[in-house]
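Written out below as structure tokens is the structure these notes cover.
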Amino acid sequence: MKDGIWKQAEDSFAIESSALMRALEFLDRSSFERAVTVLANAVRIGASGCGHSGIACQHFAHLMCCIELPARFISPAEALHGASGFLKQGDVMILASRGGKTAELLPILEICQHKDVTVIGITENTESPLAQGADIVLKMHVERETDKYNSQGTTSFVVLSAIFDALQAALIEQTGFQNEQFAVIHPGGAVGARLNAK
């Protein structure tokens with residue numbers, strides 16, 4: 001086994017822990033509360049991103065369904081070939097891109113503007129096209145990724161997922177969602193057994 005492997009593992013935990021500890025500093029409270037309000041009132045919620053951001057968006061869509069806010073991940077490719085028809089006036093679309101310049105997302109932003117769909121942009125670059133075109137911007141911040149080349153979407157994935165988790169936690173409070181409701185839609189597995197124990 002190569003020297004330095006354990007050191008890389010230790011550094012990975014340290015980098016991501018530090019990023020999570022600082023993430024809240026960069027979130028604007030007013031913007032976050034606006035995002036919670038529009039999500040709570042949306043009939044439908046879409047989420048889209050590329051690569052690791054897209055995987056985090058899939059997680060977010062599932063989180064929303066778990067609290068009975070209908071949501072789906074819309075792949076950037078499919079969005080430009082009809083899937084954006086899922087969205088109607090008054091719905092909410094989350095577009096996530098660390099740099100805010102992801103070419104595949106910008107046409108989706110234009111579609112949402114045309115359809116009067118509220119866009120929540122999550123990005124590190126508040127001067128980016130995504131941030132400038134979004135109705136609400138949630139700022140993420142990442143010092144570096146965990147790999148030695150600082151190129152893999154690791155820390156950025158963790159921070160984006162944490163923002164999504166925080167939104168769900170806030171939405172449970174905002175909507176008054178009850179654990180009894182979750183028991184109905186989650187009868188499976190150990191969680192379902194615990195929730196539905198008589």
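By convention here, the chains of the structure tokens are called A, B, ... in the order presented, each chain's residues are numbered starting at 1, and ligands are numbered starting at 1 in the order presented.
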Spatial neighbours of region 66-83 of chain A, max dist 10 Å, only C-alpha atoms, sep filter under 4 positions, as a VMD selection string: chain A and resid 39 to 50 54 to 62 87 92 to 95 103 to 108 111 168 to 169 171 to 172 175 to 179 181 to 182 185 to 186
Written file, previous selection with N, CA and C atoms, as a compact mmCIF listing (two decimals), in the first residue's frame:
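Here's the written file result.txt:
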```
# COMPACT_ATOMS: atom_id res chain seq x y z
N LEU A 39 -41.11 27.27 -2.07
CA LEU A 39 -41.16 25.81 -2.17
C LEU A 39 -42.38 25.25 -1.44
N ALA A 40 -42.70 25.82 -0.29
CA ALA A 40 -43.85 25.35 0.48
C ALA A 40 -45.16 25.57 -0.27
N ASN A 41 -45.20 26.60 -1.12
CA ASN A 41 -46.43 26.95 -1.83
C ASN A 41 -46.48 26.43 -3.26
N ALA A 42 -45.43 25.77 -3.70
CA ALA A 42 -45.36 25.29 -5.08
C ALA A 42 -46.27 24.07 -5.27
N VAL A 43 -46.93 24.03 -6.42
CA VAL A 43 -47.70 22.83 -6.76
C VAL A 43 -46.74 21.73 -7.21
N ARG A 44 -45.73 22.10 -7.99
CA ARG A 44 -44.71 21.17 -8.46
C ARG A 44 -43.34 21.80 -8.27
N ILE A 45 -42.36 20.94 -8.04
CA ILE A 45 -40.98 21.39 -7.86
C ILE A 45 -40.09 20.59 -8.80
N GLY A 46 -39.26 21.28 -9.55
CA GLY A 46 -38.26 20.62 -10.39
C GLY A 46 -36.88 20.92 -9.86
N ALA A 47 -35.94 20.07 -10.20
CA ALA A 47 -34.54 20.30 -9.80
C ALA A 47 -33.64 19.76 -10.89
N SER A 48 -32.60 20.53 -11.21
CA SER A 48 -31.72 20.11 -12.30
C SER A 48 -30.29 20.57 -12.05
N GLY A 49 -29.37 19.73 -12.46
CA GLY A 49 -27.96 20.05 -12.37
C GLY A 49 -27.20 18.98 -13.14
N CYS A 50 -25.94 19.23 -13.39
CA CYS A 50 -25.10 18.28 -14.12
C CYS A 50 -24.09 17.63 -13.18
N GLY A 54 -26.17 17.28 -10.22
CA GLY A 54 -27.37 16.59 -10.64
C GLY A 54 -27.74 15.47 -9.69
N ILE A 55 -26.74 14.73 -9.22
CA ILE A 55 -27.01 13.66 -8.26
C ILE A 55 -27.58 14.24 -6.97
N ALA A 56 -27.03 15.37 -6.52
CA ALA A 56 -27.56 16.03 -5.32
C ALA A 56 -28.99 16.49 -5.56
N CYS A 57 -29.29 16.94 -6.78
CA CYS A 57 -30.65 17.38 -7.11
C CYS A 57 -31.63 16.20 -7.08
N GLN A 58 -31.17 15.03 -7.47
CA GLN A 58 -32.02 13.84 -7.36
C GLN A 58 -32.35 13.56 -5.90
N HIS A 59 -31.36 13.70 -5.06
CA HIS A 59 -31.56 13.55 -3.61
C HIS A 59 -32.58 14.56 -3.10
N PHE A 60 -32.47 15.81 -3.57
CA PHE A 60 -33.40 16.85 -3.13
C PHE A 60 -34.82 16.54 -3.55
N ALA A 61 -35.01 16.09 -4.80
CA ALA A 61 -36.36 15.76 -5.27
C ALA A 61 -36.97 14.67 -4.40
N HIS A 62 -36.17 13.69 -4.03
CA HIS A 62 -36.67 12.62 -3.16
C HIS A 62 -37.03 13.17 -1.78
N LEU A 87 -43.22 21.63 -15.89
CA LEU A 87 -43.34 22.86 -15.10
C LEU A 87 -44.42 23.78 -15.65
N VAL A 92 -41.84 25.85 -9.05
CA VAL A 92 -40.49 26.25 -8.66
C VAL A 92 -39.48 25.29 -9.27
N MET A 93 -38.41 25.85 -9.80
CA MET A 93 -37.31 25.06 -10.37
C MET A 93 -36.02 25.42 -9.66
N ILE A 94 -35.32 24.41 -9.18
CA ILE A 94 -34.00 24.61 -8.59
C ILE A 94 -32.95 24.25 -9.62
N LEU A 95 -32.03 25.16 -9.86
CA LEU A 95 -30.91 24.93 -10.76
C LEU A 95 -29.63 25.06 -9.94
N ALA A 103 -23.40 25.29 -19.11
CA ALA A 103 -24.07 25.62 -20.37
C ALA A 103 -25.40 24.90 -20.52
N GLU A 104 -25.49 23.68 -20.00
CA GLU A 104 -26.71 22.90 -20.15
C GLU A 104 -27.88 23.46 -19.35
N LEU A 105 -27.59 24.26 -18.32
CA LEU A 105 -28.65 24.77 -17.45
C LEU A 105 -29.22 26.11 -17.92
N LEU A 106 -28.44 26.87 -18.65
CA LEU A 106 -28.89 28.22 -19.01
C LEU A 106 -30.12 28.23 -19.92
N PRO A 107 -30.26 27.30 -20.87
CA PRO A 107 -31.52 27.26 -21.63
C PRO A 107 -32.72 26.91 -20.76
N ILE A 108 -32.51 26.11 -19.73
CA ILE A 108 -33.60 25.78 -18.81
C ILE A 108 -34.03 27.03 -18.05
N ILE A 111 -36.27 28.96 -20.30
CA ILE A 111 -37.59 28.33 -20.38
C ILE A 111 -38.42 28.70 -19.15
N GLN A 168 -35.08 21.01 3.51
CA GLN A 168 -36.11 20.06 3.92
C GLN A 168 -36.47 20.24 5.40
N ALA A 169 -35.46 20.40 6.24
CA ALA A 169 -35.72 20.58 7.67
C ALA A 169 -36.58 21.82 7.91
N LEU A 171 -38.59 23.21 5.70
CA LEU A 171 -39.91 23.01 5.10
C LEU A 171 -40.81 22.14 5.99
N ILE A 172 -40.24 21.21 6.71
CA ILE A 172 -41.02 20.43 7.67
C ILE A 172 -41.64 21.36 8.71
N THR A 175 -44.33 23.83 6.80
CA THR A 175 -45.59 23.20 6.35
C THR A 175 -46.33 22.46 7.46
N GLY A 176 -45.67 22.26 8.59
CA GLY A 176 -46.30 21.50 9.67
C GLY A 176 -46.38 20.01 9.38
N PHE A 177 -45.51 19.53 8.52
CA PHE A 177 -45.52 18.11 8.17
C PHE A 177 -45.30 17.26 9.42
N GLN A 178 -46.11 16.20 9.55
CA GLN A 178 -46.07 15.35 10.74
C GLN A 178 -45.47 13.98 10.43
N ASN A 179 -44.82 13.40 11.42
CA ASN A 179 -44.22 12.09 11.26
C ASN A 179 -45.27 11.02 10.93
N GLN A 181 -47.67 11.40 8.91
CA GLN A 181 -47.82 11.43 7.46
C GLN A 181 -46.72 10.61 6.79
N PHE A 182 -45.53 10.72 7.33
CA PHE A 182 -44.41 9.99 6.76
C PHE A 182 -44.61 8.48 6.94
N ILE A 185 -46.55 6.97 4.00
CA ILE A 185 -45.87 6.86 2.70
C ILE A 185 -44.55 6.11 2.80
N HIS A 186 -44.15 5.72 4.02
CA HIS A 186 -42.89 4.99 4.19
C HIS A 186 -43.12 3.75 5.07
```
List every residue of region 77-187 of chain A that DSSP, applied to the backbone, labels as strand (DSSP E or B), and write the result as a PDB file with N, CA and C atoms, in the first residue's frame.
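Generated output (states_29.pdb):
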```
ATOM      1  N   VAL A  92     -41.842  25.853  -9.046  1.00  0.00           N
ATOM      2  CA  VAL A  92     -40.490  26.249  -8.655  1.00  0.00           C
ATOM      3  C   VAL A  92     -39.475  25.294  -9.267  1.00  0.00           C
ATOM      4  N   MET A  93     -38.407  25.855  -9.796  1.00  0.00           N
ATOM      5  CA  MET A  93     -37.315  25.060 -10.367  1.00  0.00           C
ATOM      6  C   MET A  93     -36.018  25.417  -9.661  1.00  0.00           C
ATOM      7  N   ILE A  94     -35.320  24.410  -9.177  1.00  0.00           N
ATOM      8  CA  ILE A  94     -33.997  24.612  -8.589  1.00  0.00           C
ATOM      9  C   ILE A  94     -32.951  24.246  -9.622  1.00  0.00           C
ATOM     10  N   LEU A  95     -32.032  25.165  -9.864  1.00  0.00           N
ATOM     11  CA  LEU A  95     -30.906  24.927 -10.756  1.00  0.00           C
ATOM     12  C   LEU A  95     -29.629  25.060  -9.936  1.00  0.00           C
ATOM     13  N   ALA A  96     -28.828  24.003  -9.908  1.00  0.00           N
ATOM     14  CA  ALA A  96     -27.623  23.986  -9.078  1.00  0.00           C
ATOM     15  C   ALA A  96     -26.374  23.889  -9.940  1.00  0.00           C
ATOM     16  N   THR A 118     -40.744  30.119 -10.941  1.00  0.00           N
ATOM     17  CA  THR A 118     -39.770  30.705 -10.026  1.00  0.00           C
ATOM     18  C   THR A 118     -38.503  29.853 -10.006  1.00  0.00           C
ATOM     19  N   VAL A 119     -37.360  30.495 -10.204  1.00  0.00           N
ATOM     20  CA  VAL A 119     -36.083  29.785 -10.235  1.00  0.00           C
ATOM     21  C   VAL A 119     -35.281  30.098  -8.974  1.00  0.00           C
ATOM     22  N   ILE A 120     -34.877  29.030  -8.293  1.00  0.00           N
ATOM     23  CA  ILE A 120     -33.932  29.146  -7.184  1.00  0.00           C
ATOM     24  C   ILE A 120     -32.585  28.660  -7.706  1.00  0.00           C
ATOM     25  N   GLY A 121     -31.626  29.552  -7.767  1.00  0.00           N
ATOM     26  CA  GLY A 121     -30.286  29.183  -8.214  1.00  0.00           C
ATOM     27  C   GLY A 121     -29.384  28.950  -7.018  1.00  0.00           C
ATOM     28  N   ILE A 122     -28.667  27.857  -7.041  1.00  0.00           N
ATOM     29  CA  ILE A 122     -27.694  27.575  -5.987  1.00  0.00           C
ATOM     30  C   ILE A 122     -26.323  27.549  -6.632  1.00  0.00           C
ATOM     31  N   THR A 123     -25.483  28.487  -6.235  1.00  0.00           N
ATOM     32  CA  THR A 123     -24.193  28.663  -6.891  1.00  0.00           C
ATOM     33  C   THR A 123     -23.219  29.379  -5.971  1.00  0.00           C
ATOM     34  N   ILE A 136     -34.300  33.756  -6.906  1.00  0.00           N
ATOM     35  CA  ILE A 136     -33.724  33.633  -5.572  1.00  0.00           C
ATOM     36  C   ILE A 136     -32.377  32.943  -5.710  1.00  0.00           C
ATOM     37  N   VAL A 137     -31.370  33.440  -5.008  1.00  0.00           N
ATOM     38  CA  VAL A 137     -30.036  32.840  -5.075  1.00  0.00           C
ATOM     39  C   VAL A 137     -29.616  32.380  -3.684  1.00  0.00           C
ATOM     40  N   LEU A 138     -29.232  31.117  -3.594  1.00  0.00           N
ATOM     41  CA  LEU A 138     -28.637  30.579  -2.374  1.00  0.00           C
ATOM     42  C   LEU A 138     -27.162  30.357  -2.656  1.00  0.00           C
ATOM     43  N   LYS A 139     -26.335  31.028  -1.896  1.00  0.00           N
ATOM     44  CA  LYS A 139     -24.890  30.978  -2.154  1.00  0.00           C
ATOM     45  C   LYS A 139     -24.254  29.811  -1.409  1.00  0.00           C
TER      46      LYS A 139
END
```
Show which residues sit within 8 Å of region 154-162 of chain A, as a PyMOL selection string. Count only C-alpha atoms, and ignore same-chain residues fewer than 6 positions away. chain A and resi 15-16+19-20+23+52-53+56+59-60+98+140-142+144-147
Separation of CA of Ser97 (chain A) from CA of Ala131 (chain A) in Å: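 Rounded to one decimal, the two atoms are 9.6 Å apart.
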Please determine, counting only C-alpha atoms, which residue among A:Leu109, A:Val38, A:Val184, A:Leu24 has the shortest atom-to-atom distance to Pro129 (chain A). A:Leu109
From the DSSP assignment of the backbone, select every residue of region 42-145 of chain A that is helix (DSSP H, G or I), and format the answer as a PyMOL selection string. chain A and resi 51-66+76-79+83-86+106-115+129-133
Go ahead and compute the interatomic distance for CA of Ser151 (chain A) and CA of Gln8 (chain A), in Å to one decimal.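 Between CA of Ser151 (chain A) and CA of Gln8 (chain A) the gap is 14.7 Å.
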Rounded to one decimal in Å, what is the spacing between CA of Ser128 (chain A) and CA of Phe86 (chain A)?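 Straight-line distance from CA of Ser128 (chain A) to CA of Phe86 (chain A) works out to 25.9 Å.
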Residues within 9 Å of Asp116 (chain A), please, as an mmCIF file with N, CA and C atoms, in the first residue's frame. Count only C-alpha atoms; anything in the same chain fewer than 2 positions from it doesn't count.
```cif
data_model
loop_
_atom_site.group_PDB
_atom_site.id
_atom_site.type_symbol
_atom_site.label_atom_id
_atom_site.label_comp_id
_atom_site.auth_asym_id
_atom_site.auth_seq_id
_atom_site.Cartn_x
_atom_site.Cartn_y
_atom_site.Cartn_z
ATOM 1 N N LYS A 88 -45.216 24.314 -14.733
ATOM 2 C CA LYS A 88 -46.283 25.244 -15.082
ATOM 3 C C LYS A 88 -46.072 26.566 -14.338
ATOM 4 N N GLN A 89 -46.807 27.575 -14.737
ATOM 5 C CA GLN A 89 -46.737 28.872 -14.073
ATOM 6 C C GLN A 89 -46.998 28.695 -12.583
ATOM 7 N N GLY A 90 -46.139 29.297 -11.787
ATOM 8 C CA GLY A 90 -46.276 29.215 -10.335
ATOM 9 C C GLY A 90 -45.473 28.111 -9.691
ATOM 10 N N ASP A 91 -44.896 27.212 -10.508
ATOM 11 C CA ASP A 91 -44.049 26.159 -9.962
ATOM 12 C C ASP A 91 -42.663 26.710 -9.628
ATOM 13 N N ILE A 111 -36.267 28.957 -20.303
ATOM 14 C CA ILE A 111 -37.592 28.330 -20.385
ATOM 15 C C ILE A 111 -38.421 28.701 -19.153
ATOM 16 N N CYS A 112 -37.809 28.637 -17.995
ATOM 17 C CA CYS A 112 -38.518 28.959 -16.751
ATOM 18 C C CYS A 112 -38.966 30.420 -16.730
ATOM 19 N N GLN A 113 -38.114 31.301 -17.217
ATOM 20 C CA GLN A 113 -38.482 32.712 -17.279
ATOM 21 C C GLN A 113 -39.675 32.904 -18.210
ATOM 22 N N HIS A 114 -39.673 32.206 -19.328
ATOM 23 C CA HIS A 114 -40.763 32.300 -20.304
ATOM 24 C C HIS A 114 -42.075 31.769 -19.722
ATOM 25 N N THR A 118 -40.744 30.119 -10.941
ATOM 26 C CA THR A 118 -39.770 30.705 -10.026
ATOM 27 C C THR A 118 -38.503 29.853 -10.006
#
```
